[in-house]
Amino acid sequence: MADAEAPTPAEEPRRALVVMAHPDDIEFTCGGTVAQLSDDGWDVSFCLVTSGDKGTKDPMLGPADLGALREAEQEAAATELGIKRCIFLRVPDGHVEDGSEFRGQMVRVLREVRPELMITWDGYRGFNHRDHRTVGIAALDAAFPLSRNANSYAEQVATGVEPVRVNTILLAGSNEPNYFVDVSDQLERRIDALLRHASQVQAANREEMVKRMRNRSEQAARAGRVPWAEGFRRLTFGGASPPRRRDALRAERQAKEKAAKTAEAEAAEASDG
């Protein structure tokens, strides 16, 4: 990615958050992109809204067991991509509601992770899984403007969870992508991560998965799109993050201390005169 330069050792890693509805959504839509971000030195976290506890044709596998299985698969897939943190909100699969409470959950995750980049579903793409649409819309609303406004979910700010500005959002699964990431160098890892979702991936073996992905790449090239690329709808809100409240208070305290020392020195000098 052109604007995903690796940080120098003295810098804090740049942070990204991927918010998706179900385990395996990330690997199917942006697995190569997050692997590239990780390789470039970014600190990437995953947030899975549901644990996919309804996604099976096995009548003997109940929601609790399936959810636990799919969370384990997601963590294994994340490891393949170089990601160390998965956040599971455990909303029941198929029952994500875009209400104030859920948006508050999204805001809290954003404020705690503090990403400058967020990747989520394009909730406006038209026909799609209901959870995908709902998560994409709610995550976008949480990123702009809710998470950056101290008066939105002020009870979080009162506990020390500071507002945060997310400057760039990549919407996955968009019908109108305008930003493409070449993931040709990440093909092997992307496939290995997908295969970790054994309860979901309908492929007989690794070779079959490679063949499918090559066919898709060839179709993209024939259609004039970038082969071996993941496409997104990119939204930018720009601007550097404002000082956090504690930083502003620290600066104010330091200014007062400096003024007091200056006044004390001037008083001492006047006394000596």
# chains A, B, ... in the order shown; residues from 1 in each chain; ligands from 1
$ select_by_dssp --residues "stretch 58-252 of chain A" --states "helix (DSSP H, G or I)" --output "ChimeraX atom specification"
/A:63-80,100-113,130-143,146-148,154-158,184-195,206-222,245-252
$ residues_around --residues "A:Ala172" --least-positions-apart "4" --cutoff "7 Å" --atoms "only C-alpha atoms" --output "short mmCIF file (atom, residue, chain, number, x, y, z; two decimals) with N, CA, C and O atoms, in the first residue's frame"
data_model
loop_
_atom_site.label_atom_id
_atom_site.label_comp_id
_atom_site.auth_asym_id
_atom_site.auth_seq_id
_atom_site.Cartn_x
_atom_site.Cartn_y
_atom_site.Cartn_z
N THR A 29 -12.45 -11.11 2.23
CA THR A 29 -12.53 -9.78 1.64
C THR A 29 -11.22 -9.01 1.64
O THR A 29 -10.93 -8.25 0.71
N ILE A 119 -11.17 -0.86 8.44
CA ILE A 119 -11.71 -1.61 7.31
C ILE A 119 -12.99 -2.28 7.78
O ILE A 119 -13.01 -2.90 8.85
N THR A 120 -14.06 -2.13 7.01
CA THR A 120 -15.32 -2.76 7.37
C THR A 120 -16.11 -3.04 6.11
O THR A 120 -15.69 -2.72 4.99
N TRP A 121 -17.28 -3.66 6.26
CA TRP A 121 -18.15 -3.94 5.12
C TRP A 121 -18.71 -2.65 4.52
O TRP A 121 -18.96 -1.68 5.25
N ASP A 122 -18.94 -2.64 3.22
CA ASP A 122 -19.70 -1.57 2.59
C ASP A 122 -21.18 -1.88 2.83
O ASP A 122 -21.75 -2.76 2.19
N GLY A 231 -10.17 -4.90 -3.65
CA GLY A 231 -10.72 -3.58 -3.91
C GLY A 231 -11.59 -3.07 -2.79
O GLY A 231 -12.29 -3.85 -2.13
N PHE A 232 -11.57 -1.76 -2.59
CA PHE A 232 -12.33 -1.12 -1.53
C PHE A 232 -12.91 0.21 -2.02
O PHE A 232 -12.40 0.81 -2.97
N ARG A 233 -13.91 0.67 -1.33
CA ARG A 233 -14.37 2.05 -1.45
C ARG A 233 -13.67 2.83 -0.35
O ARG A 233 -13.85 2.55 0.84
#
$ atom_distance --atom1 "atom CA of A:Phe88" --atom2 "atom CA of A:Ser100"
18.8 Å
$ select_by_dssp --residues "stretch 10-234 of chain A" --states "strand (DSSP E or B)" --output "VMD selection string"
chain A and resid 15 to 20 43 to 50 85 to 91 117 to 121 168 to 172 179 to 182 229 to 234
$ atom_distance --atom1 "atom CA of A:Ala142" --atom2 "atom CA of A:Val107"
5.1 Å
$ residues_around --residues "A:Ile169" --least-positions-apart "6" --cutoff "10 Å" --atoms "only C-alpha atoms" --output "PDB file with all heavy atoms, in the first residue's frame"
ATOM      1  N   ALA A  16      -4.533  -0.118  12.930  1.00  0.00           N
ATOM      2  CA  ALA A  16      -5.677  -0.355  12.057  1.00  0.00           C
ATOM      3  C   ALA A  16      -6.635  -1.306  12.762  1.00  0.00           C
ATOM      4  O   ALA A  16      -6.220  -2.165  13.545  1.00  0.00           O
ATOM      5  CB  ALA A  16      -5.234  -0.949  10.718  1.00  0.00           C
ATOM      6  N   LEU A  17      -7.913  -1.150  12.470  1.00  0.00           N
ATOM      7  CA  LEU A  17      -8.952  -2.008  13.033  1.00  0.00           C
ATOM      8  C   LEU A  17      -9.816  -2.531  11.900  1.00  0.00           C
ATOM      9  O   LEU A  17     -10.257  -1.756  11.046  1.00  0.00           O
ATOM     10  CB  LEU A  17      -9.820  -1.226  14.026  1.00  0.00           C
ATOM     11  CG  LEU A  17     -11.027  -1.971  14.602  1.00  0.00           C
ATOM     12  CD1 LEU A  17     -10.566  -3.109  15.519  1.00  0.00           C
ATOM     13  CD2 LEU A  17     -11.941  -1.014  15.369  1.00  0.00           C
ATOM     14  N   VAL A  18     -10.049  -3.837  11.882  1.00  0.00           N
ATOM     15  CA  VAL A  18     -10.921  -4.455  10.894  1.00  0.00           C
ATOM     16  C   VAL A  18     -12.182  -4.913  11.614  1.00  0.00           C
ATOM     17  O   VAL A  18     -12.101  -5.727  12.538  1.00  0.00           O
ATOM     18  CB  VAL A  18     -10.247  -5.649  10.195  1.00  0.00           C
ATOM     19  CG1 VAL A  18     -11.106  -6.128   9.026  1.00  0.00           C
ATOM     20  CG2 VAL A  18      -8.856  -5.269   9.700  1.00  0.00           C
ATOM     21  N   GLU A 116      -6.053   4.638  13.145  1.00  0.00           N
ATOM     22  CA  GLU A 116      -6.173   5.716  12.169  1.00  0.00           C
ATOM     23  C   GLU A 116      -6.819   5.193  10.890  1.00  0.00           C
ATOM     24  O   GLU A 116      -7.297   5.963  10.058  1.00  0.00           O
ATOM     25  CB  GLU A 116      -4.813   6.327  11.857  1.00  0.00           C
ATOM     26  CG  GLU A 116      -3.816   5.396  11.227  1.00  0.00           C
ATOM     27  CD  GLU A 116      -2.491   6.085  10.927  1.00  0.00           C
ATOM     28  OE1 GLU A 116      -2.378   6.669   9.843  1.00  0.00           O
ATOM     29  OE2 GLU A 116      -1.587   6.033  11.784  1.00  0.00           O
ATOM     30  N   LEU A 117      -6.836   3.859  10.732  1.00  0.00           N
ATOM     31  CA  LEU A 117      -7.440   3.213   9.569  1.00  0.00           C
ATOM     32  C   LEU A 117      -8.424   2.160  10.038  1.00  0.00           C
ATOM     33  O   LEU A 117      -8.108   1.360  10.930  1.00  0.00           O
ATOM     34  CB  LEU A 117      -6.354   2.545   8.706  1.00  0.00           C
ATOM     35  CG  LEU A 117      -6.829   1.559   7.630  1.00  0.00           C
ATOM     36  CD1 LEU A 117      -7.605   2.275   6.537  1.00  0.00           C
ATOM     37  CD2 LEU A 117      -5.644   0.797   7.042  1.00  0.00           C
ATOM     38  N   MET A 118      -9.624   2.145   9.457  1.00  0.00           N
ATOM     39  CA  MET A 118     -10.602   1.109   9.743  1.00  0.00           C
ATOM     40  C   MET A 118     -11.037   0.460   8.431  1.00  0.00           C
ATOM     41  O   MET A 118     -11.256   1.139   7.426  1.00  0.00           O
ATOM     42  CB  MET A 118     -11.838   1.670  10.451  1.00  0.00           C
ATOM     43  CG  MET A 118     -12.888   0.602  10.790  1.00  0.00           C
ATOM     44  SD  MET A 118     -14.351   1.247  11.650  1.00  0.00           S
ATOM     45  CE  MET A 118     -15.229   2.065  10.296  1.00  0.00           C
ATOM     46  N   ILE A 119     -11.170  -0.858   8.440  1.00  0.00           N
ATOM     47  CA  ILE A 119     -11.707  -1.608   7.313  1.00  0.00           C
ATOM     48  C   ILE A 119     -12.994  -2.275   7.783  1.00  0.00           C
ATOM     49  O   ILE A 119     -13.014  -2.895   8.855  1.00  0.00           O
ATOM     50  CB  ILE A 119     -10.723  -2.675   6.810  1.00  0.00           C
ATOM     51  CG1 ILE A 119      -9.380  -2.051   6.438  1.00  0.00           C
ATOM     52  CG2 ILE A 119     -11.304  -3.411   5.614  1.00  0.00           C
ATOM     53  CD1 ILE A 119      -8.300  -3.063   6.051  1.00  0.00           C
ATOM     54  N   THR A 120     -14.055  -2.132   7.008  1.00  0.00           N
ATOM     55  CA  THR A 120     -15.320  -2.759   7.367  1.00  0.00           C
ATOM     56  C   THR A 120     -16.112  -3.042   6.107  1.00  0.00           C
ATOM     57  O   THR A 120     -15.691  -2.719   4.991  1.00  0.00           O
ATOM     58  CB  THR A 120     -16.121  -1.874   8.344  1.00  0.00           C
ATOM     59  OG1 THR A 120     -17.246  -2.614   8.855  1.00  0.00           O
ATOM     60  CG2 THR A 120     -16.635  -0.600   7.665  1.00  0.00           C
ATOM     61  N   ALA A 139     -20.604   0.622  11.898  1.00  0.00           N
ATOM     62  CA  ALA A 139     -19.180   0.921  12.092  1.00  0.00           C
ATOM     63  C   ALA A 139     -18.821   2.263  11.473  1.00  0.00           C
ATOM     64  O   ALA A 139     -18.038   3.033  12.043  1.00  0.00           O
ATOM     65  CB  ALA A 139     -18.327  -0.204  11.498  1.00  0.00           C
ATOM     66  N   LEU A 140     -19.398   2.543  10.311  1.00  0.00           N
ATOM     67  CA  LEU A 140     -19.122   3.830   9.655  1.00  0.00           C
ATOM     68  C   LEU A 140     -19.668   4.981  10.487  1.00  0.00           C
ATOM     69  O   LEU A 140     -18.986   5.996  10.678  1.00  0.00           O
ATOM     70  CB  LEU A 140     -19.745   3.830   8.261  1.00  0.00           C
ATOM     71  CG  LEU A 140     -19.483   5.062   7.378  1.00  0.00           C
ATOM     72  CD1 LEU A 140     -17.994   5.279   7.190  1.00  0.00           C
ATOM     73  CD2 LEU A 140     -20.181   4.885   6.027  1.00  0.00           C
ATOM     74  N   ALA A 143     -17.416   5.532  13.461  1.00  0.00           N
ATOM     75  CA  ALA A 143     -16.148   6.188  13.143  1.00  0.00           C
ATOM     76  C   ALA A 143     -16.329   7.670  12.851  1.00  0.00           C
ATOM     77  O   ALA A 143     -15.470   8.489  13.195  1.00  0.00           O
ATOM     78  CB  ALA A 143     -15.488   5.494  11.957  1.00  0.00           C
ATOM     79  N   PHE A 144     -17.436   7.998  12.196  1.00  0.00           N
ATOM     80  CA  PHE A 144     -17.704   9.402  11.865  1.00  0.00           C
ATOM     81  C   PHE A 144     -19.208   9.670  11.945  1.00  0.00           C
ATOM     82  O   PHE A 144     -19.982   9.081  11.197  1.00  0.00           O
ATOM     83  CB  PHE A 144     -17.199   9.726  10.459  1.00  0.00           C
ATOM     84  CG  PHE A 144     -17.345  11.182  10.101  1.00  0.00           C
ATOM     85  CD1 PHE A 144     -16.357  12.084  10.419  1.00  0.00           C
ATOM     86  CD2 PHE A 144     -18.490  11.651   9.478  1.00  0.00           C
ATOM     87  CE1 PHE A 144     -16.487  13.433  10.109  1.00  0.00           C
ATOM     88  CE2 PHE A 144     -18.641  12.997   9.169  1.00  0.00           C
ATOM     89  CZ  PHE A 144     -17.633  13.886   9.483  1.00  0.00           C
ATOM     90  N   PHE A 232     -11.568  -1.757  -2.594  1.00  0.00           N
ATOM     91  CA  PHE A 232     -12.332  -1.116  -1.529  1.00  0.00           C
ATOM     92  C   PHE A 232     -12.908   0.208  -2.021  1.00  0.00           C
ATOM     93  O   PHE A 232     -12.402   0.805  -2.969  1.00  0.00           O
ATOM     94  CB  PHE A 232     -11.441  -0.819  -0.311  1.00  0.00           C
ATOM     95  CG  PHE A 232     -10.693  -1.998   0.218  1.00  0.00           C
ATOM     96  CD1 PHE A 232      -9.419  -2.303  -0.263  1.00  0.00           C
ATOM     97  CD2 PHE A 232     -11.241  -2.800   1.203  1.00  0.00           C
ATOM     98  CE1 PHE A 232      -8.713  -3.394   0.221  1.00  0.00           C
ATOM     99  CE2 PHE A 232     -10.540  -3.896   1.696  1.00  0.00           C
ATOM    100  CZ  PHE A 232      -9.281  -4.192   1.195  1.00  0.00           C
ATOM    101  N   ARG A 233     -13.909   0.670  -1.326  1.00  0.00           N
ATOM    102  CA  ARG A 233     -14.366   2.048  -1.448  1.00  0.00           C
ATOM    103  C   ARG A 233     -13.665   2.829  -0.351  1.00  0.00           C
ATOM    104  O   ARG A 233     -13.850   2.555   0.844  1.00  0.00           O
ATOM    105  CB  ARG A 233     -15.884   2.144  -1.276  1.00  0.00           C
ATOM    106  CG  ARG A 233     -16.457   3.531  -1.553  1.00  0.00           C
ATOM    107  CD  ARG A 233     -16.429   3.840  -3.027  1.00  0.00           C
ATOM    108  NE  ARG A 233     -17.011   5.148  -3.323  1.00  0.00           N
ATOM    109  CZ  ARG A 233     -16.965   5.708  -4.512  1.00  0.00           C
ATOM    110  NH1 ARG A 233     -16.386   5.079  -5.526  1.00  0.00           N
ATOM    111  NH2 ARG A 233     -17.494   6.888  -4.732  1.00  0.00           N
ATOM    112  N   ARG A 234     -12.827   3.788  -0.744  1.00  0.00           N
ATOM    113  CA  ARG A 234     -12.015   4.501   0.238  1.00  0.00           C
ATOM    114  C   ARG A 234     -12.643   5.830   0.619  1.00  0.00           C
ATOM    115  O   ARG A 234     -13.006   6.638  -0.240  1.00  0.00           O
ATOM    116  CB  ARG A 234     -10.612   4.741  -0.324  1.00  0.00           C
ATOM    117  CG  ARG A 234      -9.642   5.362   0.674  1.00  0.00           C
ATOM    118  CD  ARG A 234      -8.336   5.705  -0.011  1.00  0.00           C
ATOM    119  NE  ARG A 234      -7.303   6.074   0.951  1.00  0.00           N
ATOM    120  CZ  ARG A 234      -6.170   6.664   0.634  1.00  0.00           C
ATOM    121  NH1 ARG A 234      -5.898   6.951  -0.631  1.00  0.00           N
ATOM    122  NH2 ARG A 234      -5.280   6.962   1.561  1.00  0.00           N
ATOM    123  N   LEU A 235     -12.743   6.055   1.923  1.00  0.00           N
ATOM    124  CA  LEU A 235     -13.239   7.315   2.468  1.00  0.00           C
ATOM    125  C   LEU A 235     -12.142   7.922   3.327  1.00  0.00           C
ATOM    126  O   LEU A 235     -11.525   7.220   4.133  1.00  0.00           O
ATOM    127  CB  LEU A 235     -14.488   7.093   3.325  1.00  0.00           C
ATOM    128  CG  LEU A 235     -15.658   6.338   2.681  1.00  0.00           C
ATOM    129  CD1 LEU A 235     -16.768   6.132   3.708  1.00  0.00           C
ATOM    130  CD2 LEU A 235     -16.180   7.081   1.464  1.00  0.00           C
ATOM    131  N   THR A 236     -11.883   9.206   3.158  1.00  0.00           N
ATOM    132  CA  THR A 236     -10.868   9.865   3.969  1.00  0.00           C
ATOM    133  C   THR A 236     -11.472  11.090   4.640  1.00  0.00           C
ATOM    134  O   THR A 236     -12.230  11.844   4.034  1.00  0.00           O
ATOM    135  CB  THR A 236      -9.659  10.291   3.116  1.00  0.00           C
ATOM    136  OG1 THR A 236     -10.097  11.152   2.059  1.00  0.00           O
ATOM    137  CG2 THR A 236      -8.971   9.083   2.514  1.00  0.00           C
ATOM    138  N   PHE A 237     -11.114  11.264   5.881  1.00  0.00           N
ATOM    139  CA  PHE A 237     -11.602  12.402   6.661  1.00  0.00           C
ATOM    140  C   PHE A 237     -10.462  13.349   7.000  1.00  0.00           C
ATOM    141  O   PHE A 237     -10.689  14.427   7.516  1.00  0.00           O
ATOM    142  CB  PHE A 237     -12.306  11.914   7.923  1.00  0.00           C
ATOM    143  CG  PHE A 237     -13.471  11.009   7.616  1.00  0.00           C
ATOM    144  CD1 PHE A 237     -13.332   9.639   7.694  1.00  0.00           C
ATOM    145  CD2 PHE A 237     -14.680  11.527   7.202  1.00  0.00           C
ATOM    146  CE1 PHE A 237     -14.384   8.796   7.397  1.00  0.00           C
ATOM    147  CE2 PHE A 237     -15.737  10.692   6.889  1.00  0.00           C
ATOM    148  CZ  PHE A 237     -15.590   9.321   6.984  1.00  0.00           C
TER     149      PHE A 237
END
$ atom_distance --atom1 "atom CA of A:Val96" --atom2 "atom CA of A:Val19"
13.3 Å
